[in-house]
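A short write-up of the structure that comes next.
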Amino acid sequence: MKRNNHTCDLKSCFLCQNCLPEWLPAIDSNRKNLHFKKGELIFKEGEKVNGIYFVYTGKVKVHKKWGTEKELIIRFAKKGDIFGHRGLGHESYYPISATAIEPVDTCFIDLDFFRATLKVNYEFIYQLLLFFADELQESERKMRNLAHMQVKGRIAQALLALRDKFGLSPEGAIDVTLSRQDLAFFAGTTYETVFRIINELAQDHIIVLDGKNIAIADPDKLLDLTKETEG
């Protein structure tokens with residue numbers, strides 16, 4: 001991690017978009033712009049919460065330990081998104097970790113100023129509440145899928161979710177480059193299973209592979225796979 005000169009434009013992130021215009025100078029005075037290299041751990045599960053992060057550029061994975069040697073990727077954050085908020089509450093320790101999956105510039109707001117922002121900006125509170133509700137619904141959906149959806153369907157669902165989150169590159173691929181291991185952690189399965197099923201999907205012309213890049217050739221068939229449940 002290193003400190004950057006101010007690069008945030010005070011209008012791109014979730015915080016700035018929903019706060020009062022009169023509050024933006026206070027954000028400007030209290031923010032810290034931090035840069036993280038690809039693969040760098042931003043904060044670790046169990047660490048004390050010092051503040052909240054907003055992505056200015058790059059992409060972040062939010063993940064949690066799952067057993068002794070596995071992890072589960074909870075969500076991803078891209079430009080404008082908030083992360084680190086899962087540490088809010090009476091016990092101010094992060095229940096998750098966050099890692100840069102490409103070079104990332106973030107806007108960091110310390111916890112005291114973030115709490116002051118909540119007391120002043122009612123629209124921000126409202127939008128944050130809606131965001132929490134959506135995130136809770138998605139977490140519950142993911143837990144249900146882990147219990148009832150076939151692994152091929154979970155991988156299909158993961159690919160569709162990545163497309164919806166990051167969009168497409170100019171070449172038509174999903175606009176995020178993930179290792180097969182991270183894709184496995186996102187789908188709740190193993191590297192070996194992801195490797196096998198990704199190749200099967202490519203052989204069936206449902207997806208197209210180009211190194212680590214994946215393009216969805218037949219989204220309808222991919223969607224059909226998500227509707228199959230465990231017998």
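To be explicit about the labels: the chains of the structure tokens are called A, B, and onward in the order shown, and within each one the residues are counted from 1, while ligands get numbers from 1 in the order they are shown.
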
Compile a residue-level contact table for stretch 85-105 of chain A against stretch 115-136 of chain A at a cut-off of 12 Å, reporting for every qualifying residue the shortest atom pair and its distance in Å to one decimal, with only C-alpha atoms counted, rows ordered by chain and ascending number, as CSV.
residue,atom,partner,partner_atom,distance
A:His85,CA,A:Phe132,CA,9.3
A:Arg86,CA,A:Phe132,CA,9.3
A:Leu88,CA,A:Arg115,CA,9.9
A:Gly89,CA,A:Arg115,CA,11.1

The selected residues should be written to file as a short mmCIF file (atom, residue, chain, number, x, y, z; two decimals), in the first residue's frame (atoms: all heavy atoms).
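Heads up, here's the output in selection10.cif:
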data_model
loop_
_atom_site.label_atom_id
_atom_site.label_comp_id
_atom_site.auth_asym_id
_atom_site.auth_seq_id
_atom_site.Cartn_x
_atom_site.Cartn_y
_atom_site.Cartn_z
N HIS A 85 -17.47 -2.25 4.68
CA HIS A 85 -18.64 -1.92 5.49
C HIS A 85 -19.13 -3.09 6.33
O HIS A 85 -19.86 -2.89 7.30
CB HIS A 85 -19.78 -1.46 4.58
CG HIS A 85 -20.14 -2.46 3.54
ND1 HIS A 85 -19.38 -2.64 2.39
CD2 HIS A 85 -21.14 -3.38 3.47
CE1 HIS A 85 -19.92 -3.61 1.67
NE2 HIS A 85 -20.99 -4.06 2.31
N ARG A 86 -18.73 -4.32 5.97
CA ARG A 86 -19.17 -5.48 6.77
C ARG A 86 -18.55 -5.46 8.17
O ARG A 86 -18.95 -6.25 9.02
CB ARG A 86 -18.81 -6.78 6.05
CG ARG A 86 -19.70 -7.06 4.84
CD ARG A 86 -19.24 -8.29 4.08
NE ARG A 86 -20.11 -8.59 2.95
CZ ARG A 86 -20.99 -9.59 2.92
NH1 ARG A 86 -21.12 -10.38 3.95
NH2 ARG A 86 -21.75 -9.79 1.85
N LEU A 88 -18.78 -2.85 10.10
CA LEU A 88 -19.55 -1.93 10.93
C LEU A 88 -20.36 -2.71 11.96
O LEU A 88 -20.78 -3.83 11.72
CB LEU A 88 -20.49 -1.10 10.06
CG LEU A 88 -19.83 -0.13 9.07
CD1 LEU A 88 -20.90 0.50 8.18
CD2 LEU A 88 -19.05 0.95 9.81
N GLY A 89 -20.59 -2.11 13.11
CA GLY A 89 -21.36 -2.78 14.15
C GLY A 89 -20.71 -2.57 15.51
O GLY A 89 -19.72 -1.83 15.64
#

Could you build a table of the residues in stretch 155-182 of chain A lying no more than 12 Å from stretch 21-45 of chain A, giving for each the nearest pair of atoms and their separation in Å rounded to one decimal place, using only C-alpha atoms, ordered by chain and ascending residue number, as a tab-separated table?
residue	atom	partner	partner_atom	distance
A:Thr177	CA	A:Lys38	CA	11.6
A:Leu178	CA	A:Gly39	CA	11.4
A:Ser179	CA	A:Gly39	CA	11.5
A:Asp182	CA	A:Gly39	CA	11.7

Mind dumping the selected residues with all heavy atoms as a PDB file, in the first residue's frame?
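Wrote it out as again.pdb, contents follow:
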ATOM      1  N   THR A 177     -10.352 -10.288 -15.316  1.00  0.00           N
ATOM      2  CA  THR A 177      -9.490 -11.451 -15.497  1.00  0.00           C
ATOM      3  C   THR A 177      -9.286 -12.132 -14.151  1.00  0.00           C
ATOM      4  O   THR A 177      -8.652 -11.569 -13.257  1.00  0.00           O
ATOM      5  CB  THR A 177      -8.130 -11.046 -16.091  1.00  0.00           C
ATOM      6  OG1 THR A 177      -8.343 -10.376 -17.336  1.00  0.00           O
ATOM      7  CG2 THR A 177      -7.263 -12.264 -16.328  1.00  0.00           C
ATOM      8  N   LEU A 178      -9.868 -13.326 -14.012  1.00  0.00           N
ATOM      9  CA  LEU A 178      -9.760 -14.086 -12.773  1.00  0.00           C
ATOM     10  C   LEU A 178      -8.978 -15.362 -13.009  1.00  0.00           C
ATOM     11  O   LEU A 178      -9.075 -15.973 -14.076  1.00  0.00           O
ATOM     12  CB  LEU A 178     -11.148 -14.473 -12.256  1.00  0.00           C
ATOM     13  CG  LEU A 178     -12.047 -13.392 -11.657  1.00  0.00           C
ATOM     14  CD1 LEU A 178     -13.324 -14.042 -11.145  1.00  0.00           C
ATOM     15  CD2 LEU A 178     -11.351 -12.639 -10.540  1.00  0.00           C
ATOM     16  N   SER A 179      -8.235 -15.774 -12.004  1.00  0.00           N
ATOM     17  CA  SER A 179      -7.626 -17.096 -12.053  1.00  0.00           C
ATOM     18  C   SER A 179      -8.731 -18.133 -11.920  1.00  0.00           C
ATOM     19  O   SER A 179      -9.824 -17.855 -11.418  1.00  0.00           O
ATOM     20  CB  SER A 179      -6.621 -17.263 -10.909  1.00  0.00           C
ATOM     21  OG  SER A 179      -7.287 -17.282  -9.657  1.00  0.00           O
ATOM     22  N   ASP A 182      -9.700 -18.399  -8.285  1.00  0.00           N
ATOM     23  CA  ASP A 182     -10.656 -17.403  -7.800  1.00  0.00           C
ATOM     24  C   ASP A 182     -12.063 -17.687  -8.307  1.00  0.00           C
ATOM     25  O   ASP A 182     -13.051 -17.476  -7.590  1.00  0.00           O
ATOM     26  CB  ASP A 182     -10.216 -15.997  -8.223  1.00  0.00           C
ATOM     27  CG  ASP A 182      -9.253 -15.372  -7.232  1.00  0.00           C
ATOM     28  OD1 ASP A 182      -9.074 -15.937  -6.139  1.00  0.00           O
ATOM     29  OD2 ASP A 182      -8.677 -14.314  -7.546  1.00  0.00           O
TER      30      ASP A 182
END

According to DSSP computed on the backbone, where in stretch 49-196 of chain A is there alpha helix (DSSP H)? Give the residues as a PyMOL selection string. chain A and resi 111-120+122-148+151-166+180-187+191-196

Quote the spacing between atom CA of A:Val62 and atom CA of A:Arg75 in Å to one decimal place. 5.4 Å

Can you check which residues of stretch 8-213 of chain A DSSP gives as strand (DSSP E) on the backbone and send them as a PyMOL selection string? chain A and resi 32-36+41-43+51-57+60-66+70-77+82-83+97-100+104-110+207-210+213

Straight-line distance linking atom CA of A:Ile174 with atom CA of A:Phe108, stated in Å to one decimal: 28.0 Å

Spatial neighbours of A:Ala187, max dist 12 Å, only C-alpha atoms, sep filter under 5 positions, as a VMD selection string: chain A and resid 71 to 75 142 to 143 145 to 147 149 to 162 180 to 182 193 to 194 197 226

Now that the selection is made, can you save its residues with N, CA, C and O atoms as a compact mmCIF listing (two decimals), in the first residue's frame?
# COMPACT_ATOMS: atom_id res chain seq x y z
N GLU A 71 -11.34 -20.74 0.73
CA GLU A 71 -11.99 -19.47 0.97
C GLU A 71 -13.19 -19.36 0.05
O GLU A 71 -13.32 -20.12 -0.92
N LEU A 72 -14.07 -18.46 0.38
CA LEU A 72 -15.24 -18.20 -0.43
C LEU A 72 -15.24 -16.72 -0.79
O LEU A 72 -15.14 -15.87 0.11
N ILE A 73 -15.29 -16.40 -2.07
CA ILE A 73 -15.38 -15.01 -2.48
C ILE A 73 -16.82 -14.57 -2.34
O ILE A 73 -17.73 -15.13 -2.96
N ILE A 74 -17.04 -13.58 -1.49
CA ILE A 74 -18.39 -13.10 -1.18
C ILE A 74 -18.92 -12.21 -2.29
O ILE A 74 -20.06 -12.34 -2.73
N ARG A 75 -18.08 -11.29 -2.74
CA ARG A 75 -18.49 -10.33 -3.75
C ARG A 75 -17.25 -9.67 -4.35
O ARG A 75 -16.12 -9.89 -3.87
N LYS A 142 -26.91 -16.94 -2.56
CA LYS A 142 -25.68 -17.70 -2.77
C LYS A 142 -25.61 -18.91 -1.84
O LYS A 142 -25.22 -20.00 -2.25
N MET A 143 -26.01 -18.73 -0.59
CA MET A 143 -26.03 -19.85 0.35
C MET A 143 -27.02 -20.92 -0.09
O MET A 143 -26.75 -22.12 0.02
N ASN A 145 -27.89 -21.52 -3.20
CA ASN A 145 -27.30 -22.17 -4.37
C ASN A 145 -26.24 -23.18 -3.97
O ASN A 145 -26.13 -24.26 -4.57
N LEU A 146 -25.45 -22.85 -2.96
CA LEU A 146 -24.42 -23.78 -2.49
C LEU A 146 -25.05 -25.08 -1.99
O LEU A 146 -24.47 -26.16 -2.13
N ALA A 147 -26.25 -24.98 -1.42
CA ALA A 147 -26.91 -26.15 -0.85
C ALA A 147 -27.68 -26.95 -1.90
O ALA A 147 -27.77 -28.18 -1.80
N MET A 149 -27.98 -26.10 -5.71
CA MET A 149 -27.69 -26.03 -7.14
C MET A 149 -26.52 -26.95 -7.50
O MET A 149 -25.54 -27.05 -6.75
N GLN A 150 -26.63 -27.64 -8.62
CA GLN A 150 -25.51 -28.46 -9.10
C GLN A 150 -24.30 -27.57 -9.35
O GLN A 150 -24.42 -26.39 -9.66
N VAL A 151 -23.12 -28.15 -9.21
CA VAL A 151 -21.90 -27.36 -9.31
C VAL A 151 -21.75 -26.71 -10.69
O VAL A 151 -21.28 -25.58 -10.81
N LYS A 152 -22.21 -27.40 -11.74
CA LYS A 152 -22.14 -26.80 -13.07
C LYS A 152 -23.01 -25.55 -13.15
O LYS A 152 -22.65 -24.55 -13.77
N GLY A 153 -24.15 -25.60 -12.48
CA GLY A 153 -25.03 -24.44 -12.43
C GLY A 153 -24.42 -23.30 -11.65
O GLY A 153 -24.58 -22.13 -12.01
N ARG A 154 -23.70 -23.62 -10.57
CA ARG A 154 -23.06 -22.57 -9.77
C ARG A 154 -21.97 -21.87 -10.57
O ARG A 154 -21.80 -20.66 -10.48
N ILE A 155 -21.24 -22.64 -11.35
CA ILE A 155 -20.20 -22.04 -12.19
C ILE A 155 -20.84 -21.17 -13.28
O ILE A 155 -20.37 -20.06 -13.58
N ALA A 156 -21.94 -21.66 -13.86
CA ALA A 156 -22.67 -20.87 -14.85
C ALA A 156 -23.18 -19.58 -14.22
O ALA A 156 -23.07 -18.49 -14.80
N GLN A 157 -23.73 -19.68 -13.00
CA GLN A 157 -24.23 -18.51 -12.29
C GLN A 157 -23.11 -17.53 -12.00
O GLN A 157 -23.29 -16.30 -12.11
N ALA A 158 -21.95 -18.05 -11.63
CA ALA A 158 -20.80 -17.19 -11.36
C ALA A 158 -20.39 -16.40 -12.60
O ALA A 158 -20.10 -15.20 -12.52
N LEU A 159 -20.38 -17.06 -13.75
CA LEU A 159 -20.00 -16.38 -14.99
C LEU A 159 -21.01 -15.29 -15.35
O LEU A 159 -20.63 -14.18 -15.76
N LEU A 160 -22.29 -15.58 -15.19
CA LEU A 160 -23.32 -14.59 -15.48
C LEU A 160 -23.23 -13.41 -14.51
O LEU A 160 -23.41 -12.25 -14.90
N ALA A 161 -22.95 -13.70 -13.24
CA ALA A 161 -22.81 -12.65 -12.25
C ALA A 161 -21.61 -11.75 -12.55
O ALA A 161 -21.69 -10.52 -12.41
N LEU A 162 -20.51 -12.35 -12.99
CA LEU A 162 -19.33 -11.56 -13.35
C LEU A 162 -19.62 -10.67 -14.56
O LEU A 162 -19.19 -9.52 -14.62
N ARG A 180 -8.45 -19.35 -12.37
CA ARG A 180 -9.43 -20.42 -12.20
C ARG A 180 -9.67 -20.70 -10.71
O ARG A 180 -10.77 -21.10 -10.31
N GLN A 181 -8.64 -20.46 -9.89
CA GLN A 181 -8.80 -20.67 -8.46
C GLN A 181 -9.80 -19.68 -7.88
O GLN A 181 -10.67 -20.03 -7.08
N ASP A 182 -9.70 -18.40 -8.28
CA ASP A 182 -10.66 -17.40 -7.80
C ASP A 182 -12.06 -17.69 -8.31
O ASP A 182 -13.05 -17.48 -7.59
N THR A 193 -12.58 -28.93 -10.36
CA THR A 193 -13.93 -28.95 -10.90
C THR A 193 -14.15 -27.81 -11.87
O THR A 193 -14.74 -27.98 -12.95
N VAL A 194 -13.68 -26.62 -11.52
CA VAL A 194 -13.81 -25.47 -12.42
C VAL A 194 -13.07 -25.73 -13.72
O VAL A 194 -13.60 -25.46 -14.82
N ILE A 197 -15.17 -28.23 -15.83
CA ILE A 197 -16.45 -27.73 -16.33
C ILE A 197 -16.27 -26.58 -17.30
O ILE A 197 -16.99 -26.47 -18.30
N THR A 226 -28.35 -22.86 -14.66
CA THR A 226 -28.56 -22.37 -13.29
C THR A 226 -29.91 -22.82 -12.74
O THR A 226 -30.16 -22.67 -11.55
